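> This structure is in structure tokens; I'll ask about it shortly.
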There are 2 protein chains.
Amino acid sequence: VDADTLAQRVFEGDKRATARAISLVEDGAPGLTSLMRALHPRTGGSYSIGVTGAPGAGKSTLTERLVTRARSEGHSVGVLAIDPTSPFSGGALLGDRVRMQNHATDPGVFIRSMATRGHLGGLSLAAPEAVRVLEASGAEIVIIETVGVGQAEVDITDACDSTIVVVTPGWGDAVQAAKAGLMEIADTFVVNKADREGTRDTVRQLQAMLDMSDAQWRPEIIAAVAIRNEGVEDLWRAIEKHRAYQEEKGLLPERRRGRVRRELADIVQERYRHRLFAEAGDLLERLTGEVCDLDLDPYEAAARLTAALAPSG
Amino acid sequence: VDADTLAQRVFEGDKRATARAISLVEDGAPGLTSLMRALHPRTGGSYSIGVTGAPGAGKSTLTERLVTRARSEGHSVGVLAIDPTSPFSGGALLGDRVRMQNHATDPGVFIRSMATRGHLGGLSLAAPEAVRVLEASGAEIVIIETVGVGQAEVDITDACDSTIVVVTPGWGDAVQAAKAGLMEIADTFVVNKADREGTRDTVRQLQAMLDMSDAQWRPEIIAAVAIRNEGVEDLWRAIEKHRAYQEEKGLLPERRRGRVRRELADIVQERYRHRLFAEAGDLLERLTGEVCDLDLDPYEAAARLTAALAPSG
């Protein structure tokens, strides 16, 4: 299938075509450029929500609840679950995504786990491209959920229109969230599994941290028990309130512009990384050996590699 | 202070100079290149241990215990705690590092939290450079501990000579570890807080996952209560066993070579990213606007940006 035909099927909301397109993104396949080009005119139309937090915090359950809530308003929804590839799993370990199968027959919902190690640009480049595929397929709400909670995951969810940080009382406390860099990116906090002890302490600690901030937007803190669907309505309203705030203040265009700027820089640097291995692979091997032997420092090695790359144009 | 003078002080094990050098790495300061060049001849001499796992798993406590254990053998130790920068914290939230102060007056221990958003290359480039600084200052054992557990953190700890993955019974279960991509990188597992219920289940699940692997090295699973110093001796022995295994099989040179190869590629691509903003900043802004307006697709924009960068050499 050529790029234009595949794009046409994505535009029609064909789920198999959409899945195929996301696979191409995942693999960083050679045909990706022409596909992204063909899809581009129909992108940019979604409101994207990032969901991050430590493994085990209940992000998948919460995401599933948000899908249900969004569907109740008639929005078409795309979900992207970012999973690292493991040679043990082969994608088979997504057991807790099974409950997502509730939505499998709903034409207004598309759910996809995405592994990322194939794409040369990694998470940071694959995620916005996959979002574009979902937008082109008609998604009005896109939810990006990450498995881990590290810098890359934080960057991705922070690049959404609205970022939800999920913590649990059992996770430790709000200090852990702050240490992991989550205070600065949260537009809304969820204290999930709020039927456990320690919930009030965690909420209080988050409040205290937010008191120290001088940011314009003060995130709401929602106590939830996602598995029992408690707090989901509150969360949905908090998301809508943040959206209204951003629209009222005219903040969304700049937020999206920053995202595109970063993406272009990511693509440019990945092109050069690709050229390095393709055009100067032998030199890279030789210089790697010299650095290991302490005959050469890494910056001098990098300068020689840069010089060896033929002028582009 | 010029690079050679600073390097000389680092070689002498001067802690203030070492801290200063790591600050330069953190900031991606202009003088970094000449410093790394000056330090290079004395690098490469440590055995590095990565410690990763979800926030709240007790990595800091475990790291502190490992420092004490390493010191009991007379090894000089450098610790690098990777913390994202938060505008809320300004580095002040490192409360649980206080217990590291036990080692503050020990000339054989250097401990440093490192924030990473200043360095253009982020975590993946700053970490190996900071390790070199520690090696140049005489560290025989380097421990790198991350706060989060995402792809970047996994990549960093995986780039050490030996990787310890810390899970807790309360974290959920071993499936979460697998989902977060931790099964494939662990050389040793620690089930910390093993006085809690669910420890045996977690150990069993990890064993079952490892049974599915066909890797040559089978990670040991150590039950520990780091805060009471239980299991630390077992962990130390597991680390030594893995080291002996790698040395016997001659695996370390290739592991380190892969690390340097990746670092050189990282430096090269960061140089181009830097040049993009420095030499084509206006074009980047204009094309970003065109992509936002759907007049241009990201790959075409990237191609134009690449063409605009003057030939290097």
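By order of appearance in the structure tokens: chains A, B, ..., then residues from 1 within every chain, and ligands from 1 in the order shown.
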Which neighbours of A:Leu66 fall inside 8 Å, counting only C-alpha atoms, when residues of the same chain fewer than 3 positions from it are skipped, and could you give them as a list in words?
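The neighbour list is Leu62, Thr63, Arg69, Ala70, Val232 and Trp236 of chain A.
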> Please save N, CA and C atoms of the selected residues as an mmCIF file, in the first residue's frame.

data_model
loop_
_atom_site.group_PDB
_atom_site.id
_atom_site.type_symbol
_atom_site.label_atom_id
_atom_site.label_comp_id
_atom_site.auth_asym_id
_atom_site.auth_seq_id
_atom_site.Cartn_x
_atom_site.Cartn_y
_atom_site.Cartn_z
ATOM 1 N N LEU A 62 -7.365 4.434 35.064
ATOM 2 C CA LEU A 62 -7.837 5.809 34.983
ATOM 3 C C LEU A 62 -8.068 6.216 33.521
ATOM 4 N N THR A 63 -7.129 5.825 32.672
ATOM 5 C CA THR A 63 -7.256 6.137 31.249
ATOM 6 C C THR A 63 -8.533 5.514 30.674
ATOM 7 N N ARG A 69 -15.764 8.250 29.833
ATOM 8 C CA ARG A 69 -16.352 9.561 30.100
ATOM 9 C C ARG A 69 -16.393 10.421 28.832
ATOM 10 N N ALA A 70 -15.276 10.390 28.078
ATOM 11 C CA ALA A 70 -15.212 11.180 26.848
ATOM 12 C C ALA A 70 -16.234 10.675 25.828
ATOM 13 N N VAL A 232 -13.802 10.105 38.980
ATOM 14 C CA VAL A 232 -13.544 10.264 37.546
ATOM 15 C C VAL A 232 -14.292 11.489 36.996
ATOM 16 N N TRP A 236 -12.677 14.654 35.207
ATOM 17 C CA TRP A 236 -13.098 15.133 33.891
ATOM 18 C C TRP A 236 -13.391 16.640 33.939
#
> From a DSSP pass on the backbone, collect the residues of stretch 175-225 of chain A flagged as strand (DSSP E or B) and hand them back as a VMD selection string.
chain A and resid 188 to 191 220 to 223 225
> Residues of stretch 216-266 of chain A within 9 Å of stretch 151-165 of chain A: nearest atom pair and distance (Å, one decimal) for each, counting only C-alpha atoms, sorted by chain and number, as a tab-separated table?

residue	atom	partner	partner_atom	distance
A:Ile239	CA	A:Ser162	CA	7.2
A:His242	CA	A:Ser162	CA	7.4
A:Arg243	CA	A:Ser162	CA	7.4
A:Gln246	CA	A:Asp161	CA	8.9
A:Leu252	CA	A:Asp161	CA	7.1
A:Arg255	CA	A:Asp161	CA	7.3
A:Arg256	CA	A:Asp161	CA	7.6
A:Gly258	CA	A:Ala159	CA	8.4
A:Arg259	CA	A:Ala159	CA	6.0
> Using only C-alpha atoms, please write the residues we just selected to a file, as a PDB file, in the first residue's frame.

ATOM      1  CA  ILE A 239      -9.570  18.661  32.750  1.00  0.00           C
ATOM      2  CA  HIS A 242      -7.988  23.597  32.583  1.00  0.00           C
ATOM      3  CA  ARG A 243      -8.925  23.498  28.913  1.00  0.00           C
ATOM      4  CA  GLN A 246      -6.060  27.800  28.438  1.00  0.00           C
ATOM      5  CA  LEU A 252      -2.828  26.733  23.548  1.00  0.00           C
ATOM      6  CA  ARG A 255       2.007  25.464  23.908  1.00  0.00           C
ATOM      7  CA  ARG A 256       1.530  23.710  20.577  1.00  0.00           C
ATOM      8  CA  GLY A 258       6.713  24.892  21.470  1.00  0.00           C
ATOM      9  CA  ARG A 259       5.880  21.270  20.833  1.00  0.00           C
TER      10      ARG A 259
END
> If we count only C-alpha atoms and set the cut-off at 6 Å, which residues sit around stretch 216-227 of chain B, ignoring sequence neighbours fewer than 3 positions away in its own chain? Please answer as a ChimeraX atom specification.
/B:62,187-194,230-231
> For the selection you just gave me, I'd like the residues written to a file as a PDB file, in the first residue's frame, keeping all heavy atoms.

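Saved result, out-v2.pdb, follows:
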ATOM      1  N   LEU B  62      19.326   2.192  49.787  1.00  0.00           N
ATOM      2  CA  LEU B  62      20.121   1.068  49.310  1.00  0.00           C
ATOM      3  C   LEU B  62      21.487   1.544  48.824  1.00  0.00           C
ATOM      4  O   LEU B  62      22.516   0.913  49.099  1.00  0.00           O
ATOM      5  CB  LEU B  62      19.364   0.377  48.171  1.00  0.00           C
ATOM      6  CG  LEU B  62      19.659  -1.085  47.921  1.00  0.00           C
ATOM      7  CD1 LEU B  62      19.303  -1.934  49.127  1.00  0.00           C
ATOM      8  CD2 LEU B  62      18.880  -1.566  46.703  1.00  0.00           C
ATOM      9  N   ASP B 187      20.803  -6.795  36.031  1.00  0.00           N
ATOM     10  CA  ASP B 187      21.814  -7.810  36.295  1.00  0.00           C
ATOM     11  C   ASP B 187      21.575  -8.425  37.672  1.00  0.00           C
ATOM     12  O   ASP B 187      21.987  -9.556  37.943  1.00  0.00           O
ATOM     13  CB  ASP B 187      23.210  -7.197  36.215  1.00  0.00           C
ATOM     14  CG  ASP B 187      23.507  -6.682  34.815  1.00  0.00           C
ATOM     15  OD1 ASP B 187      23.345  -7.447  33.848  1.00  0.00           O
ATOM     16  OD2 ASP B 187      23.880  -5.496  34.678  1.00  0.00           O
ATOM     17  N   THR B 188      20.920  -7.659  38.530  1.00  0.00           N
ATOM     18  CA  THR B 188      20.535  -8.133  39.863  1.00  0.00           C
ATOM     19  C   THR B 188      19.203  -7.468  40.221  1.00  0.00           C
ATOM     20  O   THR B 188      19.019  -6.289  39.951  1.00  0.00           O
ATOM     21  CB  THR B 188      21.586  -7.733  40.924  1.00  0.00           C
ATOM     22  OG1 THR B 188      22.882  -8.154  40.485  1.00  0.00           O
ATOM     23  CG2 THR B 188      21.268  -8.354  42.275  1.00  0.00           C
ATOM     24  N   PHE B 189      18.293  -8.231  40.792  1.00  0.00           N
ATOM     25  CA  PHE B 189      17.054  -7.656  41.314  1.00  0.00           C
ATOM     26  C   PHE B 189      17.129  -7.543  42.832  1.00  0.00           C
ATOM     27  O   PHE B 189      17.651  -8.434  43.496  1.00  0.00           O
ATOM     28  CB  PHE B 189      15.838  -8.536  40.986  1.00  0.00           C
ATOM     29  CG  PHE B 189      15.316  -8.360  39.601  1.00  0.00           C
ATOM     30  CD1 PHE B 189      15.604  -9.292  38.614  1.00  0.00           C
ATOM     31  CD2 PHE B 189      14.537  -7.263  39.273  1.00  0.00           C
ATOM     32  CE1 PHE B 189      15.123  -9.134  37.327  1.00  0.00           C
ATOM     33  CE2 PHE B 189      14.047  -7.085  37.994  1.00  0.00           C
ATOM     34  CZ  PHE B 189      14.346  -8.029  37.012  1.00  0.00           C
ATOM     35  N   VAL B 190      16.603  -6.445  43.359  1.00  0.00           N
ATOM     36  CA  VAL B 190      16.409  -6.329  44.800  1.00  0.00           C
ATOM     37  C   VAL B 190      14.915  -6.166  45.043  1.00  0.00           C
ATOM     38  O   VAL B 190      14.282  -5.273  44.472  1.00  0.00           O
ATOM     39  CB  VAL B 190      17.166  -5.116  45.380  1.00  0.00           C
ATOM     40  CG1 VAL B 190      16.830  -4.947  46.860  1.00  0.00           C
ATOM     41  CG2 VAL B 190      18.661  -5.278  45.186  1.00  0.00           C
ATOM     42  N   VAL B 191      14.348  -7.037  45.864  1.00  0.00           N
ATOM     43  CA  VAL B 191      12.998  -6.796  46.359  1.00  0.00           C
ATOM     44  C   VAL B 191      13.185  -6.124  47.718  1.00  0.00           C
ATOM     45  O   VAL B 191      13.479  -6.773  48.721  1.00  0.00           O
ATOM     46  CB  VAL B 191      12.179  -8.093  46.489  1.00  0.00           C
ATOM     47  CG1 VAL B 191      10.768  -7.785  47.009  1.00  0.00           C
ATOM     48  CG2 VAL B 191      12.109  -8.803  45.144  1.00  0.00           C
ATOM     49  N   ASN B 192      13.073  -4.803  47.710  1.00  0.00           N
ATOM     50  CA  ASN B 192      13.331  -4.041  48.940  1.00  0.00           C
ATOM     51  C   ASN B 192      12.045  -3.948  49.768  1.00  0.00           C
ATOM     52  O   ASN B 192      10.970  -4.212  49.264  1.00  0.00           O
ATOM     53  CB  ASN B 192      13.851  -2.642  48.582  1.00  0.00           C
ATOM     54  CG  ASN B 192      14.457  -1.936  49.786  1.00  0.00           C
ATOM     55  OD1 ASN B 192      14.958  -2.583  50.714  1.00  0.00           O
ATOM     56  ND2 ASN B 192      14.417  -0.619  49.792  1.00  0.00           N
ATOM     57  N   LYS B 193      12.205  -3.541  51.015  1.00  0.00           N
ATOM     58  CA  LYS B 193      11.071  -3.481  51.953  1.00  0.00           C
ATOM     59  C   LYS B 193      10.445  -4.870  52.075  1.00  0.00           C
ATOM     60  O   LYS B 193       9.214  -5.028  52.083  1.00  0.00           O
ATOM     61  CB  LYS B 193      10.048  -2.433  51.494  1.00  0.00           C
ATOM     62  CG  LYS B 193      10.702  -1.064  51.252  1.00  0.00           C
ATOM     63  CD  LYS B 193       9.714   0.039  50.965  1.00  0.00           C
ATOM     64  CE  LYS B 193      10.486   1.345  50.694  1.00  0.00           C
ATOM     65  NZ  LYS B 193       9.613   2.496  50.449  1.00  0.00           N
ATOM     66  N   ALA B 194      11.328  -5.868  52.161  1.00  0.00           N
ATOM     67  CA  ALA B 194      10.906  -7.266  52.112  1.00  0.00           C
ATOM     68  C   ALA B 194      10.274  -7.719  53.419  1.00  0.00           C
ATOM     69  O   ALA B 194       9.945  -8.894  53.572  1.00  0.00           O
ATOM     70  CB  ALA B 194      12.098  -8.152  51.744  1.00  0.00           C
ATOM     71  N   GLU B 230      19.420  -5.102  56.082  1.00  0.00           N
ATOM     72  CA  GLU B 230      19.245  -6.533  55.823  1.00  0.00           C
ATOM     73  C   GLU B 230      19.303  -6.810  54.330  1.00  0.00           C
ATOM     74  O   GLU B 230      18.649  -6.130  53.534  1.00  0.00           O
ATOM     75  CB  GLU B 230      17.891  -7.024  56.379  1.00  0.00           C
ATOM     76  CG  GLU B 230      17.835  -7.012  57.887  1.00  0.00           C
ATOM     77  CD  GLU B 230      16.426  -7.290  58.424  1.00  0.00           C
ATOM     78  OE1 GLU B 230      15.589  -7.818  57.654  1.00  0.00           O
ATOM     79  OE2 GLU B 230      16.170  -6.947  59.595  1.00  0.00           O
ATOM     80  N   GLY B 231      20.074  -7.819  53.952  1.00  0.00           N
ATOM     81  CA  GLY B 231      20.170  -8.209  52.557  1.00  0.00           C
ATOM     82  C   GLY B 231      21.263  -7.468  51.795  1.00  0.00           C
ATOM     83  O   GLY B 231      21.525  -7.776  50.636  1.00  0.00           O
TER      84      GLY B 231
END
> Near B:Glu140, within 8 Å and counting only C-alpha atoms, which residues show up once chain neighbours fewer than 2 positions away are dropped, as a ChimeraX atom specification?
/B:45-47,75-78,135,138,142
> Which parts of stretch 36-274 of chain B does DSSP call alpha helix (DSSP H) when run on the backbone here, written out as a PyMOL selection string?
chain B and resi 36-39+59-72+122-136+151-158+174-179+199-211+232-249+252-274
> If we count only C-alpha atoms, what is near stretch 57-59 of chain A at a cut-off of 7 Å, once residues fewer than 5 positions away on the same chain are taken out, given as a ChimeraX atom specification?
/A:51,166-168,192
> Can you write out the residues you just picked, keeping N, CA and C atoms, as an mmCIF file, in the first residue's frame?

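Result saved to result07.cif:
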data_model
loop_
_atom_site.group_PDB
_atom_site.id
_atom_site.type_symbol
_atom_site.label_atom_id
_atom_site.label_comp_id
_atom_site.auth_asym_id
_atom_site.auth_seq_id
_atom_site.Cartn_x
_atom_site.Cartn_y
_atom_site.Cartn_z
ATOM 1 N N VAL A 51 -1.041 11.293 30.603
ATOM 2 C CA VAL A 51 -1.240 10.672 31.921
ATOM 3 C C VAL A 51 0.078 10.034 32.337
ATOM 4 N N VAL A 166 -0.513 11.137 38.185
ATOM 5 C CA VAL A 166 -1.194 10.213 39.089
ATOM 6 C C VAL A 166 -0.224 9.769 40.180
ATOM 7 N N VAL A 167 -0.586 9.993 41.420
ATOM 8 C CA VAL A 167 0.201 9.473 42.544
ATOM 9 C C VAL A 167 -0.732 8.594 43.386
ATOM 10 N N THR A 168 -0.134 7.807 44.253
ATOM 11 C CA THR A 168 -0.937 7.001 45.171
ATOM 12 C C THR A 168 -0.431 7.230 46.583
ATOM 13 N N ASN A 192 -4.767 8.609 43.302
ATOM 14 C CA ASN A 192 -5.568 7.424 43.024
ATOM 15 C C ASN A 192 -5.434 6.416 44.168
#
> Can you tell me, as a list of chain:residue names, what residues are no more than 12 Å from B:Ser23 when counting only C-alpha atoms, ignoring any on the same chain fewer than 5 positions away?
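The residues that qualify are B:Arg16, B:Ala17, B:Thr18, B:Gly28, B:Ala29, B:Pro30, B:Gly31, B:Leu32, B:Leu35, B:Arg112, B:Ser113, B:Met114, B:Ala115, B:Thr116, B:Gly118, B:His119, B:Ala126, B:Ala127, B:Glu129, B:Ala130, B:Val133.
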> For those residues, write N, CA, C and O atoms to a file as a compact mmCIF listing (two decimals), in the first residue's frame.

# COMPACT_ATOMS: atom_id res chain seq x y z
N ARG B 16 36.01 19.91 46.23
CA ARG B 16 35.39 21.12 45.69
C ARG B 16 35.60 21.23 44.19
O ARG B 16 34.70 21.62 43.44
N ALA B 17 36.80 20.87 43.76
CA ALA B 17 37.08 20.89 42.31
C ALA B 17 36.21 19.87 41.57
O ALA B 17 35.69 20.15 40.48
N THR B 18 36.02 18.70 42.18
CA THR B 18 35.20 17.67 41.57
C THR B 18 33.76 18.15 41.44
O THR B 18 33.11 17.98 40.40
N GLY B 28 26.27 22.15 30.98
CA GLY B 28 26.75 22.11 29.60
C GLY B 28 27.54 23.37 29.29
O GLY B 28 27.41 23.96 28.23
N ALA B 29 28.37 23.78 30.25
CA ALA B 29 29.09 25.06 30.16
C ALA B 29 30.06 25.06 28.97
O ALA B 29 30.50 24.01 28.51
N PRO B 30 30.38 26.26 28.45
CA PRO B 30 31.27 26.36 27.29
C PRO B 30 32.64 25.74 27.55
O PRO B 30 33.25 25.18 26.65
N GLY B 31 33.13 25.81 28.78
CA GLY B 31 34.46 25.28 29.07
C GLY B 31 34.50 23.77 29.21
O GLY B 31 35.56 23.18 29.47
N LEU B 32 33.34 23.15 29.00
CA LEU B 32 33.24 21.71 29.25
C LEU B 32 34.16 20.89 28.35
O LEU B 32 34.79 19.92 28.80
N LEU B 35 37.70 20.90 29.53
CA LEU B 35 37.81 20.16 30.79
C LEU B 35 37.79 18.65 30.53
O LEU B 35 38.63 17.90 31.04
N ARG B 112 27.06 13.30 44.88
CA ARG B 112 26.60 14.47 44.19
C ARG B 112 25.23 14.22 43.53
O ARG B 112 25.07 13.23 42.82
N SER B 113 24.28 15.09 43.83
CA SER B 113 23.03 15.06 43.07
C SER B 113 23.25 15.85 41.79
O SER B 113 23.88 16.90 41.80
N MET B 114 22.72 15.34 40.70
CA MET B 114 22.90 16.05 39.44
C MET B 114 21.56 16.30 38.78
O MET B 114 20.80 15.37 38.51
N ALA B 115 21.26 17.56 38.55
CA ALA B 115 20.09 17.91 37.75
C ALA B 115 20.55 17.94 36.30
O ALA B 115 21.73 18.08 36.01
N THR B 116 19.61 17.83 35.38
CA THR B 116 20.06 17.54 34.02
C THR B 116 19.48 18.42 32.94
O THR B 116 19.88 18.33 31.81
N GLY B 118 19.83 21.46 32.25
CA GLY B 118 20.69 22.48 31.68
C GLY B 118 21.49 21.95 30.51
O GLY B 118 21.70 22.64 29.52
N HIS B 119 21.95 20.73 30.62
CA HIS B 119 22.80 20.14 29.59
C HIS B 119 21.96 19.84 28.36
O HIS B 119 20.95 19.15 28.44
N ALA B 126 25.01 13.79 29.91
CA ALA B 126 25.59 14.32 31.14
C ALA B 126 26.09 13.21 32.06
O ALA B 126 27.13 13.35 32.70
N ALA B 127 25.36 12.09 32.10
CA ALA B 127 25.73 11.03 33.03
C ALA B 127 27.13 10.44 32.76
O ALA B 127 27.95 10.38 33.67
N GLU B 129 29.60 11.76 31.27
CA GLU B 129 30.62 12.78 31.52
C GLU B 129 30.86 12.95 33.02
O GLU B 129 32.00 13.10 33.46
N ALA B 130 29.79 12.93 33.79
CA ALA B 130 29.95 13.05 35.24
C ALA B 130 30.69 11.83 35.80
O ALA B 130 31.51 11.96 36.72
N VAL B 133 34.31 12.41 35.35
CA VAL B 133 34.84 13.32 36.37
C VAL B 133 35.15 12.53 37.64
O VAL B 133 36.22 12.68 38.25
> Taking 5 positions as the minimum chain separation for residues in the same chain, which residues sit within 6 Å of stretch 295-300 of chain B when counting only C-alpha atoms? Answer as a PyMOL selection string.
(chain A and resi 37+40) or (chain B and resi 290)
> For the atom pair atom CA of A:Gly50 and atom CA of B:Glu285, what is the interatomic distance in Å to one decimal place?
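Atom-to-atom, atom CA of A:Gly50 to atom CA of B:Glu285, that is 25.4 Å.
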> Could you tell me how far atom CA of B:Ser213 sits from atom CA of B:Met183, in Å to one decimal place?
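Atom CA of B:Ser213 lies 9.2 Å from atom CA of B:Met183.
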> B:Val1, B:Ala244, B:Val149, B:Ala139: which is nearest chain A, counting only C-alpha atoms?
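Of all the options, B:Val149 lies closest to chain A.
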> Atom CA of A:Gly150 and atom CA of B:His103, how far apart in Å?
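These two atoms are separated by 27.7 Å.
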